[in-house]
Each structure stands twice: as C-alpha cells, then as structure tokens.
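This report concerns only the one structure given below.
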Amino acid sequence: MLPAFSFVTASDIRFGRGEARRAVPELAALGERILLVTGAEASRSDWLVEALAERGVALGSFSFPGEPDLARVEAGIDHARAFDAQAVIAIGGGAALDGGKAIAALAPAPRPAMDHLEVVGKGLPLEVPTLPFAALPTTAGTGTEVTRNAVISVPEARRKVSLRDQTMLPDLAIVDPALTDSCPRGVTLAAGLDAVTQVIEPYLCTRANPLTDALCRPAILDGLTALKTLMDGTAEVQEAARDRMSWVALCGGLALANSGLGVIHGLAGPLGGLSGAAHGAICGALLPHGLALNAARSEAPQTLARIEELHHWIGQVMDCEAPRSFDRLAGWSRESGLAGLDALGITGEDRAAAAEAAASSSSMKANPAVLTAPEMLEMMAAAR
C-alpha cells in the first residue's frame with residue numbers, strides 16, 4: 001500500500017531561463033508599494049528595480065549582507081511598516097530569501113518575532129495573513145523559494161532556528177537559472193552541495209513519500225553530475241549545468257518542505273548559529289560523513305537499499321568503486337575548494353554544543369537512524 005501524505009508548496013512556480021523578466025507584470029501586480037529585499041550585492045537587482053518602476057510601483061529597499069539574524073529581521077520589519085509595504089519581493093541567495101520571507105510574515109504580525117520562533121521562542125503560529133511574497137533565487141542551493149520556513153540566527157542563544165508557518169509559502173517563486181550565471185565558484189560549490197544534500201536527506205529520511213521520492217531520485221544523480229561539471233567542465237557546458245543545478249535546488253526545496261531532512265542539517269543549523277559559518281559550506285563538509293554514519297547505523301531494509309543506490313550514483317559521477325564513494329566525494333569537495341569545519345572557524349567546543357543541540361533540531365526528527373552525541377562528534381571530527 002502507498003502511504004498517505006500531503007504536499008504543499010508555493011502558489012505559483014515559474015522555472016526557466018528568462019522567466020524573471022517575463023514575470024515582471026505578475027510581480028508588479030503584488031502591490032502598489034513593494035519592499036524589495038536583496039543580498040549583499042543589491043546592484044544585481046537593478047534591472048528589476050527599473051522594470052517595476054516603469055510599471056508605476058513604489059519601491060522600498062532592504063538588504064541582508066549576510067545570513068539573517070534576529071536584529072536584522074526586526075529592522076526589516078520596522079522598515080516595511082514605516083514604508084507601508086503592501087508586498088515583499090526577495091531576490092538573492094538563501095539569506096535574502098529567508099530574510100524577505102520573515103519580513104513578509106512578521107510585518108503584519110501583532111506579536112514580537114520571538115513569540116513565533118522555534119526552539120528559542122514560543123513557536124506560536126502566525127495570527128494574521130502574511131504580506132504577499134515573491135522569491136527570486138540567484139544561487140542554486142537552499143530551495144527556500146518553495147518552503148514554509150525562514151532560518152534566522154539568534155546570536156544571544158547561539159542558535160539558528162526557524163520561523164515556520166504554512167502561510168509563509170511564497171505566492172510566487174521564480175527560478176530563473178540565468179540569475180545564477182554570475183555566481184562565484186566558491187558559492188556555486190557550497191550552494192550546490194547544499195542542494196544535493198537536500199535531495200539526498202529527504203530521500204533517506206523516515207518521512208519520504210512517493211511524491212518526494214519522484215523529485216529526489218533523479219535529482220540526486222542530476223545534481224552531482226551538474227555540480228561536477230560546474231567545477232571541472234569547460235565554459236561551453238556551464239550554462240546547461242546551471243540550469244540543471246537550479247532544477248535540483250528547486251526539487252530539494254519541494255522535497256524537504258514535505259518530508260524531512262536528517263543529521264547533516266540537524267548539525268548544520270546549530271553549527272551555523274554557534275560559529276557564524278555559511279550554511280552551504282557546513283552542509284558540504286558534513287555530507288559524506290553524515291552519509292557514512294547513517295550507512296553504519298541504519299537498519300531498515302529500505303534505507304540500506306537507498307544507501308546502496310547513493311553509493312552507485314556518487315561512484316558513477318566520481319569515477320570510483322561504489323564502496324569508496326563517500327570518501328571520494330569528501331576528497332573531491334576539498335580538491336574543488338570546499339573548506340573543512342576547522343577552516344570555517346568551527347571549534348571543538350562548537351562541535352560538542354552542536355551534538356547536544358541536534359537533539360532538539362527539527363531536521364533530526366526524520367533521520368533514518370537514531371544517533372548518539374558521541375557518534376555525531378566522531379562524524380564532525382572526520383569533517384574537520
């Protein structure tokens with residue numbers, strides 16, 4: 001029998017080269033006063049500012065130069081209210097999209113942000129509708145353009161936690177691979193490994209369902225192949241590889257929002273909050289070692305069969321024998337420029353705290369094996 005499941009996502013998903021410019025009329029229709037949320041390089045959205053202004057939209061602006069923390073989100077909320085924003089459009093990497101999504105959710109909210117945060121706050125549901133929200137990713141990584149949560153750092157608690165509510169699903173998600181063409185090599189690698197992780201963990205997790213399997217199974221090999229091409233291939237094949245990587249990131253966002261994740265994200269959240277290191281880089285460093293740990297500790301026949309599939313797919317892309325595939329993925333990632341946990345500024349104290357914090361992480365709830373803190377510490381030591 002097939003399991004019962006539900007599946008939710010953004011109201012309208014547009015995918016393909018050129019979709020960002022073609023969607024300008026729908027973006028302009030979100031409101032007469034729109035807050036545009038960007039990442040560190042706001043100039044990358046100049047084309048969108050001009051296009052919306054030509055349609056008579058009054059634009060405010062707000063940026064997230066780094067991953068969103070609570071103080072910056074609260075400043076954005078104040079800015080949206082002062083501007084009297086009727087809608088929010090976020091364009092940038094996962095940080096800008098998460099920040100914009102949080103502003104859209106909390107600007108109309110009567111309660112303070114902390115009341116709605118998981119783990120460190122009260123985790124209360126939103127009481128009033130969010131502002132209309134559109135997301136345009138410029139990296140192929142987090143898939144947050146189709147998820148119902150925003151990850152926010154709370155430095156006082158040294159944690160990254162989620163603001164989560166089903167009403168936070170974007171109204172419009174525009175995945176235009178052309179927006180990722182100028183993404184730097186290091187960002188492409190880290191974001192790409194995050195995207196690959198986000199189709200692997202939902203495939204292995206205990207809440208996988210037939211629809212998320214249909215998204216993840218082909219995307220795992222597709223993502224590994226595209227990422228290797230982006231790192232090692234010639235310029236002539238880069239555009240097609242970016243298209244595939246954007247598709248894989250979208251599949252990951254759709255899958256994780258409707259099934260779950262696992263130990264890699266269960267540790268990446270606390271490690272990011274403790275150290276300030278970039279999320280994608282942490283996921284990339286942990287990925288092969290998290291797979292090895294789950295392979296050693298999992299008992300369910302379906303999980304073990306899927307791990308064998310992963311060995312085969314990774315070995316196919318990395319040109320190695322299947323049993324060595326996780327080790328080869330780790331080596332290739334380092335050779336391509338990915339930093340280990342030590343180089344990311346993650347200390348032994350951070351690793352110990354993360355191993356304890358992972359127990360309360362939402363990502364760990366669907367991991368295919370029950371893992372102890374010492375096992376996770378050994379896994380992180382291998383990722384140094």
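Each chain in the structure tokens gets a letter, A, B and so on, in the order shown; residues start at 1 in every chain, and ligands are counted from 1 in the order they appear.
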
Residue neighbourhood His312 (chain A), 12 Å, only C-alpha atoms, exclusion window fewer than 3 positions, as a VMD selection string: chain A and resid 220 to 221 224 305 to 309 315 to 326

Got time to write the residues from that selection, N, CA, C and O atoms, as a JSON list (two decimals), in the first residue's frame?
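As written to disk, out-v1.json reads:
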[["chain", "number", "residue", "atom", "x", "y", "z"],
["A", 220, "ILE", "N", 19.21, 13.46, -7.55],
["A", 220, "ILE", "CA", 20.49, 13.19, -6.88],
["A", 220, "ILE", "C", 21.60, 13.03, -7.90],
["A", 220, "ILE", "O", 22.63, 13.72, -7.85],
["A", 221, "LEU", "N", 21.40, 12.15, -8.86],
["A", 221, "LEU", "CA", 22.41, 11.96, -9.90],
["A", 221, "LEU", "C", 22.55, 13.21, -10.76],
["A", 221, "LEU", "O", 23.67, 13.61, -11.12],
["A", 224, "LEU", "N", 24.61, 15.87, -8.71],
["A", 224, "LEU", "CA", 26.03, 15.52, -8.63],
["A", 224, "LEU", "C", 26.74, 15.75, -9.97],
["A", 224, "LEU", "O", 27.84, 16.30, -10.02],
["A", 305, "ALA", "N", 18.90, -0.11, 1.23],
["A", 305, "ALA", "CA", 18.84, -0.21, -0.23],
["A", 305, "ALA", "C", 19.07, 1.15, -0.87],
["A", 305, "ALA", "O", 19.76, 1.26, -1.90],
["A", 306, "ARG", "N", 18.55, 2.20, -0.25],
["A", 306, "ARG", "CA", 18.73, 3.54, -0.80],
["A", 306, "ARG", "C", 20.17, 4.02, -0.62],
["A", 306, "ARG", "O", 20.70, 4.75, -1.47],
["A", 307, "ILE", "N", 20.80, 3.64, 0.46],
["A", 307, "ILE", "CA", 22.21, 3.99, 0.65],
["A", 307, "ILE", "C", 23.07, 3.31, -0.43],
["A", 307, "ILE", "O", 24.02, 3.90, -0.95],
["A", 308, "GLU", "N", 22.73, 2.06, -0.78],
["A", 308, "GLU", "CA", 23.45, 1.40, -1.86],
["A", 308, "GLU", "C", 23.25, 2.14, -3.18],
["A", 308, "GLU", "O", 24.19, 2.25, -3.99],
["A", 309, "GLU", "N", 22.03, 2.65, -3.41],
["A", 309, "GLU", "CA", 21.81, 3.46, -4.60],
["A", 309, "GLU", "C", 22.70, 4.70, -4.60],
["A", 309, "GLU", "O", 23.28, 5.06, -5.63],
["A", 315, "GLY", "N", 29.48, 7.06, -6.98],
["A", 315, "GLY", "CA", 30.60, 6.39, -7.63],
["A", 315, "GLY", "C", 30.60, 6.61, -9.13],
["A", 315, "GLY", "O", 31.66, 6.78, -9.75],
["A", 316, "GLN", "N", 29.41, 6.63, -9.73],
["A", 316, "GLN", "CA", 29.30, 6.86, -11.17],
["A", 316, "GLN", "C", 29.84, 8.23, -11.55],
["A", 316, "GLN", "O", 30.57, 8.38, -12.53],
["A", 317, "VAL", "N", 29.48, 9.26, -10.76],
["A", 317, "VAL", "CA", 29.90, 10.63, -11.07],
["A", 317, "VAL", "C", 31.37, 10.84, -10.72],
["A", 317, "VAL", "O", 32.11, 11.51, -11.46],
["A", 318, "MET", "N", 31.80, 10.28, -9.60],
["A", 318, "MET", "CA", 33.17, 10.49, -9.13],
["A", 318, "MET", "C", 34.15, 9.47, -9.68],
["A", 318, "MET", "O", 35.34, 9.51, -9.34],
["A", 319, "ASP", "N", 33.66, 8.55, -10.52],
["A", 319, "ASP", "CA", 34.51, 7.56, -11.19],
["A", 319, "ASP", "C", 35.31, 6.75, -10.17],
["A", 319, "ASP", "O", 36.55, 6.70, -10.22],
["A", 320, "CYS", "N", 34.57, 6.10, -9.27],
["A", 320, "CYS", "CA", 35.24, 5.28, -8.27],
["A", 320, "CYS", "C", 34.35, 4.07, -7.97],
["A", 320, "CYS", "O", 33.17, 4.04, -8.33],
["A", 321, "GLU", "N", 34.90, 3.09, -7.30],
["A", 321, "GLU", "CA", 34.13, 1.93, -6.87],
["A", 321, "GLU", "C", 33.11, 2.37, -5.83],
["A", 321, "GLU", "O", 33.38, 3.21, -4.98],
["A", 322, "ALA", "N", 31.91, 1.78, -5.90],
["A", 322, "ALA", "CA", 30.81, 2.21, -5.03],
["A", 322, "ALA", "C", 31.16, 2.26, -3.55],
["A", 322, "ALA", "O", 30.84, 3.25, -2.88],
["A", 323, "PRO", "N", 31.84, 1.26, -2.98],
["A", 323, "PRO", "CA", 32.10, 1.32, -1.52],
["A", 323, "PRO", "C", 32.96, 2.52, -1.10],
["A", 323, "PRO", "O", 32.95, 2.91, 0.06],
["A", 324, "ARG", "N", 33.71, 3.09, -2.05],
["A", 324, "ARG", "CA", 34.58, 4.22, -1.73],
["A", 324, "ARG", "C", 33.93, 5.56, -2.04],
["A", 324, "ARG", "O", 34.57, 6.60, -1.93],
["A", 325, "SER", "N", 32.67, 5.55, -2.42],
["A", 325, "SER", "CA", 32.08, 6.76, -2.97],
["A", 325, "SER", "C", 32.01, 7.91, -1.97],
["A", 325, "SER", "O", 32.25, 9.07, -2.33],
["A", 326, "PHE", "N", 31.68, 7.63, -0.73],
["A", 326, "PHE", "CA", 31.56, 8.73, 0.25],
["A", 326, "PHE", "C", 32.93, 9.37, 0.49],
["A", 326, "PHE", "O", 33.04, 10.60, 0.58]]

So that I can check the secondary structure, give me every residue of region 46-210 of chain A assigned strand (DSSP E) by backbone DSSP, as a PyMOL selection string. chain A and resi 58-63+87-92+133-137+149-154+159-164+172-175

With only C-alpha atoms as the counted atoms, please give the residues lying no more than 6 Å from Arg384 (chain A), apart from itself and same-chain residues fewer than 3 positions off, as a ChimeraX atom specification. /A:340-342,381

Between A:Leu48, A:Leu211, A:Ala173, A:Val73, single out the one closest to Val24 (chain A), counting only C-alpha atoms. A:Leu48

Write out as a PyMOL selection string the set of residues from region 46-276 of chain A that DSSP, computed on the backbone, places in alpha helix (DSSP H). chain A and resi 46-54+70-83+94-106+185-204+210-232+238-256+263-275

Where does region 234-298 of chain A meet region 336-339 of chain A within 9 Å, residue by residue, with the nearest atom pair and distance in Å to one decimal for each, counting only C-alpha atoms, listed by chain and rising number, as CSV?
residue,atom,partner,partner_atom,distance
A:Ala281,CA,A:Leu338,CA,6.9
A:Ile282,CA,A:Ala339,CA,8.5
A:Gly284,CA,A:Leu338,CA,7.5
A:Ala285,CA,A:Ala339,CA,7.0

Nearest to Val151 (chain A): which of A:Gly252, A:Gly269, A:Gly16, A:Gly121 is it, counting only C-alpha atoms? A:Gly269

Neighbouring residues of Ala354 (chain A) were defined as those with any atom within 10 Å, considering only C-alpha atoms; residues of the same chain fewer than 4 positions away were excluded. Please report them as a PyMOL selection string. chain A and resi 159+266-274+348-350+358-359+361+373+376-377+380

May I have the residues within 7 Å of region 187-202 of chain A as a PyMOL selection string, using only C-alpha atoms and disregarding those fewer than 2 positions away in the same chain? chain A and resi 139-142+183-185+204-205+208+216+219-220+223-224+227+245+248-249+251-252+255-256+259-262+280-281+283-284+287

Deliver the residues from the most recent selection as a file, using N, CA and C atoms, as a compact mmCIF listing (two decimals), in the first residue's frame.
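Once everything was written out, this is out39.txt:
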# COMPACT_ATOMS: atom_id res chain seq x y z
N THR A 139 21.10 31.98 -6.41
CA THR A 139 22.00 30.85 -6.21
C THR A 139 21.17 29.58 -6.32
N ALA A 140 21.82 28.47 -6.63
CA ALA A 140 21.13 27.17 -6.70
C ALA A 140 21.52 26.39 -5.46
N GLY A 141 20.74 26.56 -4.39
CA GLY A 141 21.13 25.93 -3.14
C GLY A 141 19.97 25.58 -2.24
N THR A 142 19.45 26.58 -1.52
CA THR A 142 18.57 26.29 -0.38
C THR A 142 17.18 25.82 -0.75
N CYS A 183 27.31 33.63 -10.44
CA CYS A 183 27.60 33.18 -9.08
C CYS A 183 29.07 32.74 -8.99
N PRO A 184 29.82 33.23 -8.00
CA PRO A 184 31.24 32.85 -7.88
C PRO A 184 31.42 31.35 -7.66
N ARG A 185 32.59 30.87 -8.01
CA ARG A 185 32.87 29.44 -7.93
C ARG A 185 32.65 28.88 -6.52
N LEU A 204 16.36 9.71 2.03
CA LEU A 204 16.71 8.73 3.07
C LEU A 204 15.82 8.83 4.30
N CYS A 205 15.15 9.95 4.50
CA CYS A 205 14.51 10.20 5.79
C CYS A 205 13.27 9.32 5.99
N ALA A 208 9.88 10.13 3.94
CA ALA A 208 9.85 10.15 2.48
C ALA A 208 8.52 9.62 1.99
N CYS A 216 13.27 13.48 -5.79
CA CYS A 216 14.65 13.32 -5.32
C CYS A 216 15.44 12.29 -6.11
N ALA A 219 16.98 13.59 -9.18
CA ALA A 219 17.72 14.83 -8.91
C ALA A 219 19.06 14.57 -8.25
N ILE A 220 19.21 13.46 -7.55
CA ILE A 220 20.49 13.19 -6.88
C ILE A 220 21.60 13.03 -7.90
N GLY A 223 22.06 16.33 -9.87
CA GLY A 223 22.76 17.37 -9.13
C GLY A 223 24.25 17.11 -9.01
N LEU A 224 24.61 15.87 -8.71
CA LEU A 224 26.03 15.52 -8.63
C LEU A 224 26.74 15.75 -9.97
N LEU A 227 26.95 19.59 -10.72
CA LEU A 227 27.92 20.28 -9.87
C LEU A 227 29.35 19.94 -10.29
N MET A 245 21.34 22.56 -12.13
CA MET A 245 21.55 22.79 -10.70
C MET A 245 20.39 23.57 -10.10
N VAL A 248 17.62 21.11 -9.54
CA VAL A 248 17.87 20.26 -8.38
C VAL A 248 17.59 21.02 -7.08
N ALA A 249 18.00 22.28 -7.01
CA ALA A 249 17.73 23.09 -5.82
C ALA A 249 16.23 23.23 -5.60
N CYS A 251 13.91 21.09 -6.61
CA CYS A 251 13.44 19.79 -6.15
C CYS A 251 13.72 19.59 -4.66
N GLY A 252 14.90 20.03 -4.22
CA GLY A 252 15.24 19.90 -2.80
C GLY A 252 14.32 20.70 -1.92
N ALA A 255 11.00 18.95 -1.77
CA ALA A 255 11.05 17.69 -1.03
C ALA A 255 11.19 17.92 0.48
N LEU A 256 12.12 18.78 0.88
CA LEU A 256 12.35 18.94 2.32
C LEU A 256 11.15 19.55 3.01
N SER A 259 8.75 16.33 3.38
CA SER A 259 9.15 15.08 4.01
C SER A 259 10.02 15.40 5.22
N GLY A 260 11.30 15.62 5.00
CA GLY A 260 12.17 15.96 6.13
C GLY A 260 13.61 15.96 5.69
N LEU A 261 14.51 16.11 6.67
CA LEU A 261 15.94 16.15 6.40
C LEU A 261 16.62 15.08 7.25
N GLY A 262 17.74 15.43 7.89
CA GLY A 262 18.46 14.44 8.67
C GLY A 262 19.62 15.04 9.42
N GLY A 280 25.71 26.54 3.57
CA GLY A 280 26.03 25.62 2.49
C GLY A 280 27.38 24.97 2.65
N ALA A 281 28.37 25.74 3.10
CA ALA A 281 29.71 25.20 3.30
C ALA A 281 29.71 24.15 4.40
N CYS A 283 27.11 22.24 5.29
CA CYS A 283 26.44 21.05 4.74
C CYS A 283 27.37 20.27 3.83
N GLY A 284 28.11 20.98 2.98
CA GLY A 284 29.03 20.30 2.07
C GLY A 284 30.11 19.54 2.81
N LEU A 287 28.40 16.40 4.50
CA LEU A 287 27.63 15.47 3.69
C LEU A 287 28.21 14.05 3.62

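What separates CA of Pro288 (chain A) from CA of Leu371 (chain A) is a distance of 16.0 Å.
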
Check which residues of region 134-249 of chain A sit at most 9 Å from region 80-100 of chain A using only C-alpha atoms, and return one row each with the closest pair of atoms and their distance in Å to one decimal, ordered by chain and rising number, as a Markdown table.
| residue | atom | partner | partner_atom | distance |
| --- | --- | --- | --- | --- |
| A:Ala134 | CA | A:Ile89 | CA | 4.7 |
| A:Ala135 | CA | A:Ala90 | CA | 5.0 |
| A:Leu136 | CA | A:Ile91 | CA | 4.6 |
| A:Pro137 | CA | A:Gly92 | CA | 5.2 |
| A:Thr138 | CA | A:Gly92 | CA | 4.8 |
| A:Thr139 | CA | A:Gly93 | CA | 5.2 |
| A:Ala140 | CA | A:Gly93 | CA | 8.1 |
| A:Gly141 | CA | A:Gly94 | CA | 7.3 |
| A:Thr142 | CA | A:Gly94 | CA | 5.8 |
| A:Gly143 | CA | A:Gly94 | CA | 7.7 |
| A:Thr144 | CA | A:Gly94 | CA | 6.5 |
| A:Glu145 | CA | A:Leu97 | CA | 6.9 |
| A:Asn149 | CA | A:Asp98 | CA | 7.7 |
| A:Ala150 | CA | A:Asp98 | CA | 4.6 |
| A:Val151 | CA | A:Asp98 | CA | 6.2 |
| A:Ile152 | CA | A:Asp98 | CA | 7.7 |
| A:Leu179 | CA | A:Gly92 | CA | 8.8 |

Keeping all heavy atoms for every residue in the selection just given, could you write it to a file as a short mmCIF file (atom, residue, chain, number, x, y, z; two decimals), in the first residue's frame?
data_model
loop_
_atom_site.label_atom_id
_atom_site.label_comp_id
_atom_site.auth_asym_id
_atom_site.auth_seq_id
_atom_site.Cartn_x
_atom_site.Cartn_y
_atom_site.Cartn_z
N ALA A 134 7.10 37.20 -3.02
CA ALA A 134 7.69 36.55 -4.20
C ALA A 134 9.18 36.36 -3.98
O ALA A 134 9.84 37.21 -3.38
CB ALA A 134 7.45 37.37 -5.45
N ALA A 135 9.72 35.23 -4.46
CA ALA A 135 11.13 34.89 -4.26
C ALA A 135 11.80 34.60 -5.59
O ALA A 135 11.27 33.84 -6.40
CB ALA A 135 11.24 33.67 -3.35
N LEU A 136 12.98 35.22 -5.78
CA LEU A 136 13.78 35.00 -6.99
C LEU A 136 15.20 34.62 -6.56
O LEU A 136 16.02 35.49 -6.23
CB LEU A 136 13.84 36.27 -7.86
CG LEU A 136 12.56 36.73 -8.55
CD1 LEU A 136 11.71 37.57 -7.61
CD2 LEU A 136 12.90 37.56 -9.78
N PRO A 137 15.53 33.32 -6.52
CA PRO A 137 16.87 32.92 -6.08
C PRO A 137 17.93 33.23 -7.13
O PRO A 137 17.73 33.04 -8.33
CB PRO A 137 16.73 31.41 -5.88
CG PRO A 137 15.60 31.01 -6.77
CD PRO A 137 14.65 32.17 -6.78
N THR A 138 19.08 33.71 -6.65
CA THR A 138 20.23 33.95 -7.52
C THR A 138 21.35 32.95 -7.27
O THR A 138 22.45 33.08 -7.82
CB THR A 138 20.77 35.39 -7.34
OG1 THR A 138 21.19 35.55 -5.98
CG2 THR A 138 19.70 36.42 -7.67
N THR A 139 21.10 31.98 -6.41
CA THR A 139 22.00 30.85 -6.21
C THR A 139 21.17 29.58 -6.32
O THR A 139 19.95 29.61 -6.13
CB THR A 139 22.69 30.88 -4.84
OG1 THR A 139 21.70 30.80 -3.80
CG2 THR A 139 23.51 32.14 -4.66
N ALA A 140 21.82 28.47 -6.63
CA ALA A 140 21.13 27.17 -6.70
C ALA A 140 21.52 26.39 -5.46
O ALA A 140 22.53 25.68 -5.47
CB ALA A 140 21.50 26.43 -7.98
N GLY A 141 20.74 26.56 -4.39
CA GLY A 141 21.13 25.93 -3.14
C GLY A 141 19.97 25.58 -2.24
O GLY A 141 19.50 24.45 -2.20
N THR A 142 19.45 26.58 -1.52
CA THR A 142 18.57 26.29 -0.38
C THR A 142 17.18 25.82 -0.75
O THR A 142 16.54 25.13 0.03
CB THR A 142 18.42 27.53 0.51
OG1 THR A 142 17.70 28.55 -0.21
CG2 THR A 142 19.77 28.08 0.93
N GLY A 143 16.66 26.22 -1.91
CA GLY A 143 15.28 25.89 -2.24
C GLY A 143 14.25 26.60 -1.40
O GLY A 143 13.07 26.27 -1.42
N THR A 144 14.67 27.64 -0.67
CA THR A 144 13.75 28.31 0.24
C THR A 144 12.64 29.06 -0.49
O THR A 144 11.66 29.47 0.13
CB THR A 144 14.53 29.27 1.18
OG1 THR A 144 13.66 29.74 2.21
CG2 THR A 144 15.08 30.47 0.41
N GLU A 145 12.76 29.19 -1.81
CA GLU A 145 11.71 29.84 -2.58
C GLU A 145 10.41 29.03 -2.58
O GLU A 145 9.37 29.54 -3.01
CB GLU A 145 12.17 30.09 -4.01
CG GLU A 145 12.44 28.86 -4.84
CD GLU A 145 13.86 28.33 -4.71
OE1 GLU A 145 14.61 28.79 -3.83
OE2 GLU A 145 14.22 27.42 -5.50
N ASN A 149 9.28 27.96 5.73
CA ASN A 149 10.02 28.45 6.88
C ASN A 149 11.14 29.39 6.45
O ASN A 149 11.53 29.43 5.29
CB ASN A 149 10.61 27.28 7.68
CG ASN A 149 11.76 26.61 6.97
OD1 ASN A 149 11.60 26.11 5.87
ND2 ASN A 149 12.94 26.61 7.60
N ALA A 150 11.62 30.17 7.41
CA ALA A 150 12.78 31.03 7.22
C ALA A 150 13.74 30.76 8.37
O ALA A 150 13.33 30.73 9.54
CB ALA A 150 12.37 32.50 7.22
N VAL A 151 15.01 30.55 8.04
CA VAL A 151 16.02 30.26 9.06
C VAL A 151 16.64 31.58 9.52
O VAL A 151 17.12 32.36 8.71
CB VAL A 151 17.10 29.31 8.52
CG1 VAL A 151 18.16 29.04 9.59
CG2 VAL A 151 16.47 28.00 8.06
N ILE A 152 16.63 31.79 10.84
CA ILE A 152 17.08 33.05 11.43
C ILE A 152 18.09 32.73 12.53
O ILE A 152 17.85 31.86 13.38
CB ILE A 152 15.89 33.84 12.01
CG1 ILE A 152 14.89 34.17 10.89
CG2 ILE A 152 16.36 35.11 12.71
CD1 ILE A 152 13.59 34.74 11.41
N LEU A 179 19.82 33.87 -13.51
CA LEU A 179 20.19 34.71 -12.36
C LEU A 179 21.38 34.13 -11.60
O LEU A 179 21.98 34.82 -10.79
CB LEU A 179 19.00 34.88 -11.42
CG LEU A 179 17.76 35.57 -11.99
CD1 LEU A 179 16.68 35.69 -10.91
CD2 LEU A 179 18.11 36.95 -12.55
#

What does the distance between CA of Glu74 (chain A) and CA of Ala51 (chain A) come to in Å, to one decimal place?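 CA of Ala51 (chain A) lies 28.2 Å from CA of Glu74 (chain A).
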